[in-house]
$ cat final.txt   # compact mmCIF, C-alpha atoms and all ligand atoms
# COMPACT_ATOMS: atom_id res chain seq x y z
CA MET A 1 16.32 8.47 0.37
CA THR A 2 13.22 7.01 2.05
CA ASN A 3 13.82 5.37 5.41
CA ILE A 4 12.05 1.98 5.43
CA THR A 5 10.60 0.65 8.68
CA LEU A 6 8.62 -2.53 9.42
CA THR A 7 5.85 -2.63 12.04
CA LEU A 8 3.61 -5.47 13.26
CA GLY A 9 0.12 -4.03 13.69
CA ASP A 10 -3.01 -2.50 12.23
CA ILE A 11 -2.55 0.11 9.53
CA THR A 12 -5.59 2.04 10.81
CA ASP A 13 -3.71 2.75 14.05
CA GLN A 14 -0.80 4.45 12.32
CA SER A 15 -0.32 8.17 12.87
CA VAL A 16 1.23 9.01 9.53
CA ASP A 17 0.61 11.58 6.81
CA ALA A 18 -0.73 9.00 4.33
CA VAL A 19 -2.11 5.48 4.69
CA VAL A 20 -2.05 3.30 1.57
CA ASN A 21 -5.15 1.17 0.99
CA ALA A 22 -5.09 -2.18 -0.82
CA ALA A 23 -8.28 -1.28 -2.65
CA ASN A 24 -10.20 -2.91 -5.45
CA SER A 25 -10.77 -1.15 -8.74
CA SER A 26 -14.35 -0.20 -7.86
CA LEU A 27 -13.02 2.01 -5.02
CA LEU A 28 -16.22 1.15 -3.19
CA GLY A 29 -14.72 -0.80 -0.30
CA GLY A 30 -14.22 -4.47 0.46
CA GLY A 31 -12.65 -6.66 3.12
CA GLY A 32 -9.13 -6.81 4.58
CA VAL A 33 -7.27 -3.50 4.67
CA ASP A 34 -9.96 -1.88 2.50
CA GLY A 35 -12.67 -2.88 4.96
CA ALA A 36 -10.65 -1.78 7.98
CA ILE A 37 -9.86 1.64 6.49
CA HIS A 38 -13.45 2.38 5.51
CA ARG A 39 -14.81 1.03 8.80
CA ARG A 40 -12.42 3.03 10.96
CA GLY A 41 -12.13 6.04 8.65
CA GLY A 42 -15.85 6.56 8.24
CA PRO A 43 -18.17 7.53 5.38
CA GLU A 44 -16.24 10.58 4.14
CA ILE A 45 -13.70 8.27 2.54
CA LEU A 46 -16.35 6.43 0.55
CA GLU A 47 -17.98 9.72 -0.41
CA GLU A 48 -14.73 10.93 -1.94
CA CYS A 49 -14.18 7.55 -3.62
CA ARG A 50 -17.63 7.82 -5.20
CA ALA A 51 -16.78 11.34 -6.42
CA LEU A 52 -13.57 10.00 -7.99
CA ARG A 53 -15.56 7.28 -9.73
CA ALA A 54 -18.00 9.90 -11.06
CA ALA A 55 -15.23 12.28 -12.12
CA GLN A 56 -12.35 10.50 -13.82
CA TYR A 57 -12.49 6.84 -12.83
CA GLY A 58 -15.79 5.82 -14.35
CA GLY A 59 -14.43 2.41 -15.22
CA GLY A 60 -12.77 2.00 -11.85
CA LEU A 61 -9.13 2.53 -10.80
CA PRO A 62 -6.86 0.31 -12.92
CA ALA A 63 -4.46 -2.06 -11.14
CA GLY A 64 -1.11 -0.40 -10.46
CA GLN A 65 -2.51 3.12 -10.24
CA ALA A 66 -3.06 5.23 -7.09
CA VAL A 67 -5.39 8.05 -6.06
CA ALA A 68 -5.81 10.01 -2.80
CA THR A 69 -8.81 10.84 -0.64
CA THR A 70 -9.33 12.18 2.84
CA ALA A 71 -8.46 9.82 5.69
CA GLY A 72 -11.69 10.69 7.52
CA ARG A 73 -11.40 9.70 11.20
CA LEU A 74 -8.10 7.84 10.80
CA PRO A 75 -5.04 9.36 12.56
CA ALA A 76 -3.66 10.27 9.14
CA GLY A 77 -4.00 13.08 6.61
CA TRP A 78 -4.88 11.09 3.54
CA VAL A 79 -5.67 7.60 2.25
CA ILE A 80 -3.90 6.66 -0.97
CA HIS A 81 -5.96 3.96 -2.67
CA THR A 82 -4.06 1.62 -4.96
CA VAL A 83 -5.22 -1.56 -6.68
CA GLY A 84 -2.87 -4.52 -6.51
CA PRO A 85 -2.74 -7.27 -9.13
CA VAL A 86 -4.31 -10.63 -8.37
CA TRP A 87 -1.66 -13.34 -8.11
CA SER A 88 -1.33 -15.47 -11.25
CA ASP A 89 0.95 -18.47 -11.63
CA THR A 90 0.80 -18.21 -15.43
CA GLU A 91 1.30 -14.48 -15.94
CA ASP A 92 4.06 -12.35 -14.36
CA ARG A 93 2.28 -9.31 -12.90
CA SER A 94 5.28 -8.13 -10.82
CA ALA A 95 5.51 -4.83 -12.71
CA THR A 96 1.93 -3.99 -11.74
CA LEU A 97 2.61 -4.72 -8.06
CA ALA A 98 5.75 -2.58 -8.20
CA SER A 99 3.70 0.18 -9.81
CA CYS A 100 1.34 0.22 -6.81
CA TYR A 101 4.23 1.23 -4.55
CA ARG A 102 5.83 3.61 -7.03
CA GLU A 103 2.56 5.37 -7.85
CA SER A 104 1.58 5.59 -4.17
CA LEU A 105 4.90 7.33 -3.43
CA ARG A 106 4.35 9.67 -6.39
CA VAL A 107 0.92 10.63 -5.07
CA ALA A 108 2.33 10.99 -1.54
CA ASP A 109 4.96 13.42 -2.90
CA GLU A 110 2.24 15.37 -4.72
CA LEU A 111 0.43 15.73 -1.39
CA GLY A 112 3.64 16.77 0.39
CA ALA A 113 3.39 13.73 2.70
CA ARG A 114 6.49 12.91 4.74
CA THR A 115 5.44 9.60 6.31
CA VAL A 116 3.56 6.84 4.44
CA ALA A 117 2.20 3.55 5.82
CA PHE A 118 1.96 0.61 3.39
CA PRO A 119 0.13 -2.70 3.81
CA ALA A 120 1.44 -5.85 2.14
CA ILE A 121 -0.51 -5.18 -1.05
CA SER A 122 -2.02 -8.20 -2.88
CA THR A 123 -0.96 -10.73 -0.21
CA GLY A 124 -4.46 -11.32 1.18
CA VAL A 125 -7.53 -11.85 -0.98
CA TYR A 126 -5.32 -11.44 -4.08
CA ARG A 127 -3.17 -14.38 -2.92
CA TRP A 128 0.31 -13.06 -3.81
CA PRO A 129 2.96 -15.15 -1.98
CA LEU A 130 4.29 -13.10 0.94
CA ARG A 131 8.03 -13.32 0.34
CA ASP A 132 7.80 -12.49 -3.35
CA ALA A 133 5.47 -9.57 -2.58
CA ALA A 134 7.92 -8.41 0.08
CA ARG A 135 10.83 -8.51 -2.38
CA ILE A 136 8.91 -6.43 -4.93
CA ALA A 137 7.59 -3.99 -2.31
CA LEU A 138 10.89 -3.40 -0.53
CA THR A 139 13.05 -3.08 -3.64
CA THR A 140 10.58 -0.73 -5.33
CA VAL A 141 10.29 1.58 -2.31
CA ARG A 142 14.06 1.46 -1.73
CA ASP A 143 14.78 2.38 -5.35
CA THR A 144 12.11 5.07 -5.84
CA ASP A 145 13.37 8.64 -5.43
CA THR A 146 10.98 10.80 -3.47
CA ARG A 147 10.71 14.53 -2.85
CA THR A 148 8.95 14.93 0.51
CA VAL A 149 8.49 11.31 1.65
CA THR A 150 11.14 10.41 4.24
CA GLU A 151 9.59 7.35 5.94
CA ALA A 152 7.88 4.34 4.35
CA ARG A 153 6.41 2.23 7.13
CA PHE A 154 5.33 -1.32 6.18
CA VAL A 155 2.57 -2.31 8.58
CA LEU A 156 2.25 -6.10 8.70
CA PHE A 157 -0.97 -7.48 10.13
CA GLY A 158 0.33 -10.82 11.36
CA GLN A 159 3.56 -12.39 12.60
CA GLU A 160 3.91 -14.48 9.42
CA ALA A 161 3.79 -11.40 7.20
CA TYR A 162 6.10 -9.49 9.53
CA ASP A 163 8.65 -12.31 9.59
CA ALA A 164 8.53 -12.65 5.79
CA PHE A 165 9.14 -8.93 5.26
CA ALA A 166 11.85 -8.79 7.94
CA GLU A 167 13.69 -11.75 6.45
CA VAL A 168 13.52 -10.41 2.89
CA TRP A 169 14.54 -6.91 4.03
CA LYS A 170 17.54 -8.34 5.95
CA GLY A 171 18.62 -10.24 2.85
CA LEU A 172 18.31 -7.16 0.63
CA GLN A 173 20.33 -5.04 3.06
CA GLN A 174 23.13 -7.59 3.17
CA ALA A 175 23.17 -7.94 -0.61
CA HIS A 176 23.06 -4.20 -1.32
N1 LIG B 1 -3.77 -3.45 8.72
C1 LIG B 1 -2.69 -3.88 8.02
N2 LIG B 1 -2.72 -4.93 7.18
C2 LIG B 1 -3.90 -5.59 7.06
C3 LIG B 1 -5.07 -5.20 7.75
C4 LIG B 1 -4.97 -4.08 8.61
N3 LIG B 1 -6.02 -3.63 9.31
N4 LIG B 1 -6.08 -6.06 7.41
C5 LIG B 1 -5.55 -6.95 6.55
N5 LIG B 1 -4.24 -6.68 6.34
C6 LIG B 1 -3.25 -7.39 5.51
C7 LIG B 1 -3.60 -8.80 5.10
O1 LIG B 1 -3.29 -9.70 6.15
C8 LIG B 1 -2.68 -8.97 3.89
O2 LIG B 1 -1.38 -9.31 4.33
O3 LIG B 1 -3.13 -6.68 4.29
C9 LIG B 1 -2.62 -7.56 3.29
C10 LIG B 1 -3.45 -7.38 2.02
O4 LIG B 1 -4.62 -8.16 2.13
P1 LIG B 1 -6.05 -7.63 1.56
O5 LIG B 1 -6.54 -6.56 2.45
O6 LIG B 1 -6.89 -8.84 1.36
O7 LIG B 1 -5.70 -6.96 0.17
P2 LIG B 1 -5.34 -7.63 -1.24
O8 LIG B 1 -4.75 -8.98 -1.09
O9 LIG B 1 -4.55 -6.57 -1.95
O10 LIG B 1 -6.76 -7.81 -1.92
C11 LIG B 1 -7.49 -6.65 -2.23
O11 LIG B 1 -9.41 -7.43 -1.09
O12 LIG B 1 -10.47 -6.37 0.60
C12 LIG B 1 -10.51 -6.59 -0.74
O13 LIG B 1 -11.52 -4.62 -1.63
C13 LIG B 1 -10.31 -5.32 -1.52
O14 LIG B 1 -10.88 -6.37 -3.59
C14 LIG B 1 -9.81 -5.88 -2.82
C15 LIG B 1 -8.94 -7.05 -2.37
$ encode --input "final.txt" --output "structure tokens"
Amino acid sequence: MTNITLTLGDITDQSVDAVVNAANSSLLGGGGVDGAIHRRGGPEILEECRALRAAQYGGGLPAGQAVATTAGRLPAGWVIHTVGPVWSDTEDRSATLASCYRESLRVADELGARTVAFPAISTGVYRWPLRDAARIALTTVRDTDTRTVTEARFVLFGQEAYDAFAEVWKGLQQAH
């Protein structure tokens, strides 16, 4: 059973075994979490991302999948890059968003990670509404069996995101 915690802060400050990156399919960096991780983590991360592109992800990392690299200078062992779905109000992409969390936990288990920090995937540039993203994130992590992972720490970058996750998590705990 993974213990879920919520933290208001910057994911690049977290001393955990694995930090999950809200990447884009190119794996070549971007803004938001992606930008912060590459900026703070340094060039080794991008070097390994490039190698992944050259090796098995020539067409980029598909949405919903996850892959690990070094964490470079971050206070973490690894970065797990996952690509969230872009919000659509005509197509239900919830399963892809859930897959980001499930696959990140699977990769974390493969690495033998015990603590994993998650951002609120897809809720920035990809415009997914916070509360719905929180519901998908929290239920998926709660319901995914893990081998070595014992803590999933959601790191929310602003009070609005923190409050949304806290409210949804409170509701899920009462209902469960
Ligand atoms: N620590 C924790 N959370 C952060 C940080 C940070 N340093 N910076 C931003 N966030 C939050 C945002 O406020 C948002 O709630 O992470 C959430 C995800 O936002 P984005 O980083 O924009 O990610 P996403 O919506 O999944 O879009 C991914 O954006 O940066 C590009 O290359 C990336 O193309 C990809 C797209």
$ residues_near_ligand --input "final.txt" --ligand "ligand LIG 1 (chain B)" --cutoff "9 Å" --atoms "only C-alpha atoms and all ligand atoms" --output "ChimeraX atom specification"
/A:8-13,21-37,82-87,118-128,130,154-158,160-161
$ write_last_selection --input "final.txt" --atoms "C-alpha atoms" --output "mmCIF file, keeping the file's coordinate frame"
data_model
loop_
_atom_site.group_PDB
_atom_site.id
_atom_site.type_symbol
_atom_site.label_atom_id
_atom_site.label_comp_id
_atom_site.auth_asym_id
_atom_site.auth_seq_id
_atom_site.Cartn_x
_atom_site.Cartn_y
_atom_site.Cartn_z
ATOM 1 C CA LEU A 8 3.610 -5.470 13.260
ATOM 2 C CA GLY A 9 0.120 -4.030 13.690
ATOM 3 C CA ASP A 10 -3.010 -2.500 12.230
ATOM 4 C CA ILE A 11 -2.550 0.110 9.530
ATOM 5 C CA THR A 12 -5.590 2.040 10.810
ATOM 6 C CA ASP A 13 -3.710 2.750 14.050
ATOM 7 C CA ASN A 21 -5.150 1.170 0.990
ATOM 8 C CA ALA A 22 -5.090 -2.180 -0.820
ATOM 9 C CA ALA A 23 -8.280 -1.280 -2.650
ATOM 10 C CA ASN A 24 -10.200 -2.910 -5.450
ATOM 11 C CA SER A 25 -10.770 -1.150 -8.740
ATOM 12 C CA SER A 26 -14.350 -0.200 -7.860
ATOM 13 C CA LEU A 27 -13.020 2.010 -5.020
ATOM 14 C CA LEU A 28 -16.220 1.150 -3.190
ATOM 15 C CA GLY A 29 -14.720 -0.800 -0.300
ATOM 16 C CA GLY A 30 -14.220 -4.470 0.460
ATOM 17 C CA GLY A 31 -12.650 -6.660 3.120
ATOM 18 C CA GLY A 32 -9.130 -6.810 4.580
ATOM 19 C CA VAL A 33 -7.270 -3.500 4.670
ATOM 20 C CA ASP A 34 -9.960 -1.880 2.500
ATOM 21 C CA GLY A 35 -12.670 -2.880 4.960
ATOM 22 C CA ALA A 36 -10.650 -1.780 7.980
ATOM 23 C CA ILE A 37 -9.860 1.640 6.490
ATOM 24 C CA THR A 82 -4.060 1.620 -4.960
ATOM 25 C CA VAL A 83 -5.220 -1.560 -6.680
ATOM 26 C CA GLY A 84 -2.870 -4.520 -6.510
ATOM 27 C CA PRO A 85 -2.740 -7.270 -9.130
ATOM 28 C CA VAL A 86 -4.310 -10.630 -8.370
ATOM 29 C CA TRP A 87 -1.660 -13.340 -8.110
ATOM 30 C CA PHE A 118 1.960 0.610 3.390
ATOM 31 C CA PRO A 119 0.130 -2.700 3.810
ATOM 32 C CA ALA A 120 1.440 -5.850 2.140
ATOM 33 C CA ILE A 121 -0.510 -5.180 -1.050
ATOM 34 C CA SER A 122 -2.020 -8.200 -2.880
ATOM 35 C CA THR A 123 -0.960 -10.730 -0.210
ATOM 36 C CA GLY A 124 -4.460 -11.320 1.180
ATOM 37 C CA VAL A 125 -7.530 -11.850 -0.980
ATOM 38 C CA TYR A 126 -5.320 -11.440 -4.080
ATOM 39 C CA ARG A 127 -3.170 -14.380 -2.920
ATOM 40 C CA TRP A 128 0.310 -13.060 -3.810
ATOM 41 C CA LEU A 130 4.290 -13.100 0.940
ATOM 42 C CA PHE A 154 5.330 -1.320 6.180
ATOM 43 C CA VAL A 155 2.570 -2.310 8.580
ATOM 44 C CA LEU A 156 2.250 -6.100 8.700
ATOM 45 C CA PHE A 157 -0.970 -7.480 10.130
ATOM 46 C CA GLY A 158 0.330 -10.820 11.360
ATOM 47 C CA GLU A 160 3.910 -14.480 9.420
ATOM 48 C CA ALA A 161 3.790 -11.400 7.200
#
$ residues_near_point --input "final.txt" --point "(15.3, 7.3, -0.5)" --cutoff "8 Å" --atoms "all atoms listed in the file" --output "VMD selection string"
chain A and resid 1 to 3 141 to 146 150
$ closest_residue --input "final.txt" --among "A:Tyr101, A:Tyr162, A:Tyr57, A:Trp78" --to "A:Ala137" --atoms "only C-alpha atoms"
A:Tyr101
$ atom_distance --input "final.txt" --atom1 "atom CA of A:Leu74" --atom2 "atom CA of A:Leu97"
25.1 Å
$ closest_residue --input "final.txt" --among "A:Glu91, A:Glu151, A:Glu47, A:Asp132" --to "A:Val19" --atoms "all atoms listed in the file"
A:Glu151
$ atom_distance --input "final.txt" --atom1 "atom CA of A:Arg93" --atom2 "atom CA of A:Gly60"
18.9 Å
$ closest_residue --input "final.txt" --among "A:Leu46, A:Ala134, A:Ala152, A:Leu61" --to "A:Ala18" --atoms "all atoms listed in the file"
A:Ala152
$ atom_distance --input "final.txt" --atom1 "atom CA of A:Thr140" --atom2 "atom CA of A:Ser99"
8.3 Å
$ closest_residue --input "final.txt" --among "A:Ala113, A:Ala68, A:Val149, A:Val107" --to "A:Ala51" --atoms "only C-alpha atoms"
A:Ala68
$ closest_residue --input "final.txt" --among "A:Val20, A:Val67, A:Ala175, A:Ile45" --to "A:Glu110" --atoms "all atoms listed in the file"
A:Val67
$ axis_aligned_box --input "final.txt" --around "stretch 111-125 of chain A" --padding-each-side "3 Å" --output "lines of an AutoDock Vina configuration file"
center_x = -0.5
center_y = 2.5
center_z = 1.7
size_x = 20.0
size_y = 34.6
size_z = 15.2
$ closest_residue --input "final.txt" --among "A:His81, A:Thr139, A:Arg153, A:Gly64" --to "A:Gly171" --atoms "all atoms listed in the file"
A:Thr139
$ build_atoms --input "final.txt" --residues "stretch 73-84 of chain A" --atoms "all heavy atoms" --output "PDB file, keeping the file's coordinate frame"
ATOM      1  N   ARG A  73     -11.696   9.740   9.758  1.00  0.00           N
ATOM      2  CA  ARG A  73     -11.400   9.700  11.200  1.00  0.00           C
ATOM      3  C   ARG A  73     -10.094   8.979  11.519  1.00  0.00           C
ATOM      4  O   ARG A  73      -9.740   8.822  12.694  1.00  0.00           O
ATOM      5  CB  ARG A  73     -12.559   8.993  11.933  1.00  0.00           C
ATOM      6  CG  ARG A  73     -13.903   9.692  11.734  1.00  0.00           C
ATOM      7  CD  ARG A  73     -14.995   9.130  12.639  1.00  0.00           C
ATOM      8  NE  ARG A  73     -16.320   9.463  12.064  1.00  0.00           N
ATOM      9  CZ  ARG A  73     -17.144   8.520  11.603  1.00  0.00           C
ATOM     10  NH1 ARG A  73     -16.810   7.240  11.657  1.00  0.00           N
ATOM     11  NH2 ARG A  73     -18.307   8.849  11.073  1.00  0.00           N
ATOM     12  N   LEU A  74      -9.385   8.521  10.517  1.00  0.00           N
ATOM     13  CA  LEU A  74      -8.100   7.840  10.800  1.00  0.00           C
ATOM     14  C   LEU A  74      -7.090   8.877  11.305  1.00  0.00           C
ATOM     15  O   LEU A  74      -7.168  10.053  10.946  1.00  0.00           O
ATOM     16  CB  LEU A  74      -7.547   7.200   9.514  1.00  0.00           C
ATOM     17  CG  LEU A  74      -8.325   6.044   8.879  1.00  0.00           C
ATOM     18  CD1 LEU A  74      -7.601   5.553   7.624  1.00  0.00           C
ATOM     19  CD2 LEU A  74      -8.502   4.904   9.870  1.00  0.00           C
ATOM     20  N   PRO A  75      -6.103   8.433  12.116  1.00  0.00           N
ATOM     21  CA  PRO A  75      -5.040   9.360  12.560  1.00  0.00           C
ATOM     22  C   PRO A  75      -4.036   9.606  11.450  1.00  0.00           C
ATOM     23  O   PRO A  75      -2.832   9.365  11.598  1.00  0.00           O
ATOM     24  CB  PRO A  75      -4.414   8.618  13.745  1.00  0.00           C
ATOM     25  CG  PRO A  75      -4.634   7.183  13.469  1.00  0.00           C
ATOM     26  CD  PRO A  75      -5.926   7.079  12.707  1.00  0.00           C
ATOM     27  N   ALA A  76      -4.512  10.054  10.322  1.00  0.00           N
ATOM     28  CA  ALA A  76      -3.660  10.270   9.140  1.00  0.00           C
ATOM     29  C   ALA A  76      -4.268  11.422   8.341  1.00  0.00           C
ATOM     30  O   ALA A  76      -5.430  11.797   8.550  1.00  0.00           O
ATOM     31  CB  ALA A  76      -3.610   9.005   8.290  1.00  0.00           C
ATOM     32  N   GLY A  77      -3.487  11.965   7.403  1.00  0.00           N
ATOM     33  CA  GLY A  77      -4.000  13.080   6.610  1.00  0.00           C
ATOM     34  C   GLY A  77      -4.780  12.602   5.407  1.00  0.00           C
ATOM     35  O   GLY A  77      -5.807  13.170   5.032  1.00  0.00           O
ATOM     36  N   TRP A  78      -4.238  11.567   4.762  1.00  0.00           N
ATOM     37  CA  TRP A  78      -4.880  11.090   3.540  1.00  0.00           C
ATOM     38  C   TRP A  78      -4.863   9.558   3.487  1.00  0.00           C
ATOM     39  O   TRP A  78      -4.048   8.907   4.151  1.00  0.00           O
ATOM     40  CB  TRP A  78      -4.091  11.575   2.297  1.00  0.00           C
ATOM     41  CG  TRP A  78      -4.012  13.053   2.150  1.00  0.00           C
ATOM     42  CD1 TRP A  78      -4.933  13.901   1.598  1.00  0.00           C
ATOM     43  CD2 TRP A  78      -2.914  13.884   2.570  1.00  0.00           C
ATOM     44  NE1 TRP A  78      -4.493  15.196   1.639  1.00  0.00           N
ATOM     45  CE2 TRP A  78      -3.265  15.213   2.232  1.00  0.00           C
ATOM     46  CE3 TRP A  78      -1.686  13.641   3.193  1.00  0.00           C
ATOM     47  CZ2 TRP A  78      -2.418  16.288   2.494  1.00  0.00           C
ATOM     48  CZ3 TRP A  78      -0.841  14.707   3.465  1.00  0.00           C
ATOM     49  CH2 TRP A  78      -1.211  16.019   3.114  1.00  0.00           C
ATOM     50  N   VAL A  79      -5.766   9.004   2.656  1.00  0.00           N
ATOM     51  CA  VAL A  79      -5.670   7.600   2.250  1.00  0.00           C
ATOM     52  C   VAL A  79      -5.287   7.596   0.777  1.00  0.00           C
ATOM     53  O   VAL A  79      -5.877   8.327  -0.031  1.00  0.00           O
ATOM     54  CB  VAL A  79      -6.992   6.838   2.457  1.00  0.00           C
ATOM     55  CG1 VAL A  79      -6.891   5.426   1.863  1.00  0.00           C
ATOM     56  CG2 VAL A  79      -7.349   6.745   3.940  1.00  0.00           C
ATOM     57  N   ILE A  80      -4.268   6.824   0.441  1.00  0.00           N
ATOM     58  CA  ILE A  80      -3.900   6.660  -0.970  1.00  0.00           C
ATOM     59  C   ILE A  80      -4.375   5.267  -1.378  1.00  0.00           C
ATOM     60  O   ILE A  80      -3.886   4.252  -0.864  1.00  0.00           O
ATOM     61  CB  ILE A  80      -2.368   6.802  -1.167  1.00  0.00           C
ATOM     62  CG1 ILE A  80      -1.933   8.228  -0.807  1.00  0.00           C
ATOM     63  CG2 ILE A  80      -1.989   6.456  -2.605  1.00  0.00           C
ATOM     64  CD1 ILE A  80      -0.430   8.439  -0.820  1.00  0.00           C
ATOM     65  N   HIS A  81      -5.388   5.239  -2.229  1.00  0.00           N
ATOM     66  CA  HIS A  81      -5.960   3.960  -2.670  1.00  0.00           C
ATOM     67  C   HIS A  81      -5.170   3.462  -3.884  1.00  0.00           C
ATOM     68  O   HIS A  81      -4.976   4.218  -4.847  1.00  0.00           O
ATOM     69  CB  HIS A  81      -7.430   4.140  -3.067  1.00  0.00           C
ATOM     70  CG  HIS A  81      -8.251   4.788  -1.989  1.00  0.00           C
ATOM     71  ND1 HIS A  81      -8.997   4.059  -1.077  1.00  0.00           N
ATOM     72  CD2 HIS A  81      -8.403   6.101  -1.651  1.00  0.00           C
ATOM     73  CE1 HIS A  81      -9.606   4.902  -0.243  1.00  0.00           C
ATOM     74  NE2 HIS A  81      -9.260   6.136  -0.550  1.00  0.00           N
ATOM     75  N   THR A  82      -4.738   2.218  -3.813  1.00  0.00           N
ATOM     76  CA  THR A  82      -4.060   1.620  -4.960  1.00  0.00           C
ATOM     77  C   THR A  82      -4.614   0.216  -5.131  1.00  0.00           C
ATOM     78  O   THR A  82      -5.083  -0.404  -4.159  1.00  0.00           O
ATOM     79  CB  THR A  82      -2.524   1.602  -4.773  1.00  0.00           C
ATOM     80  OG1 THR A  82      -1.886   1.231  -6.007  1.00  0.00           O
ATOM     81  CG2 THR A  82      -2.083   0.650  -3.669  1.00  0.00           C
ATOM     82  N   VAL A  83      -4.626  -0.255  -6.377  1.00  0.00           N
ATOM     83  CA  VAL A  83      -5.220  -1.560  -6.680  1.00  0.00           C
ATOM     84  C   VAL A  83      -4.101  -2.530  -7.057  1.00  0.00           C
ATOM     85  O   VAL A  83      -3.411  -2.324  -8.069  1.00  0.00           O
ATOM     86  CB  VAL A  83      -6.231  -1.433  -7.833  1.00  0.00           C
ATOM     87  CG1 VAL A  83      -6.846  -2.798  -8.167  1.00  0.00           C
ATOM     88  CG2 VAL A  83      -7.324  -0.430  -7.463  1.00  0.00           C
ATOM     89  N   GLY A  84      -3.911  -3.540  -6.231  1.00  0.00           N
ATOM     90  CA  GLY A  84      -2.870  -4.520  -6.510  1.00  0.00           C
ATOM     91  C   GLY A  84      -3.338  -5.520  -7.565  1.00  0.00           C
ATOM     92  O   GLY A  84      -4.533  -5.670  -7.800  1.00  0.00           O
TER      93      GLY A  84
END
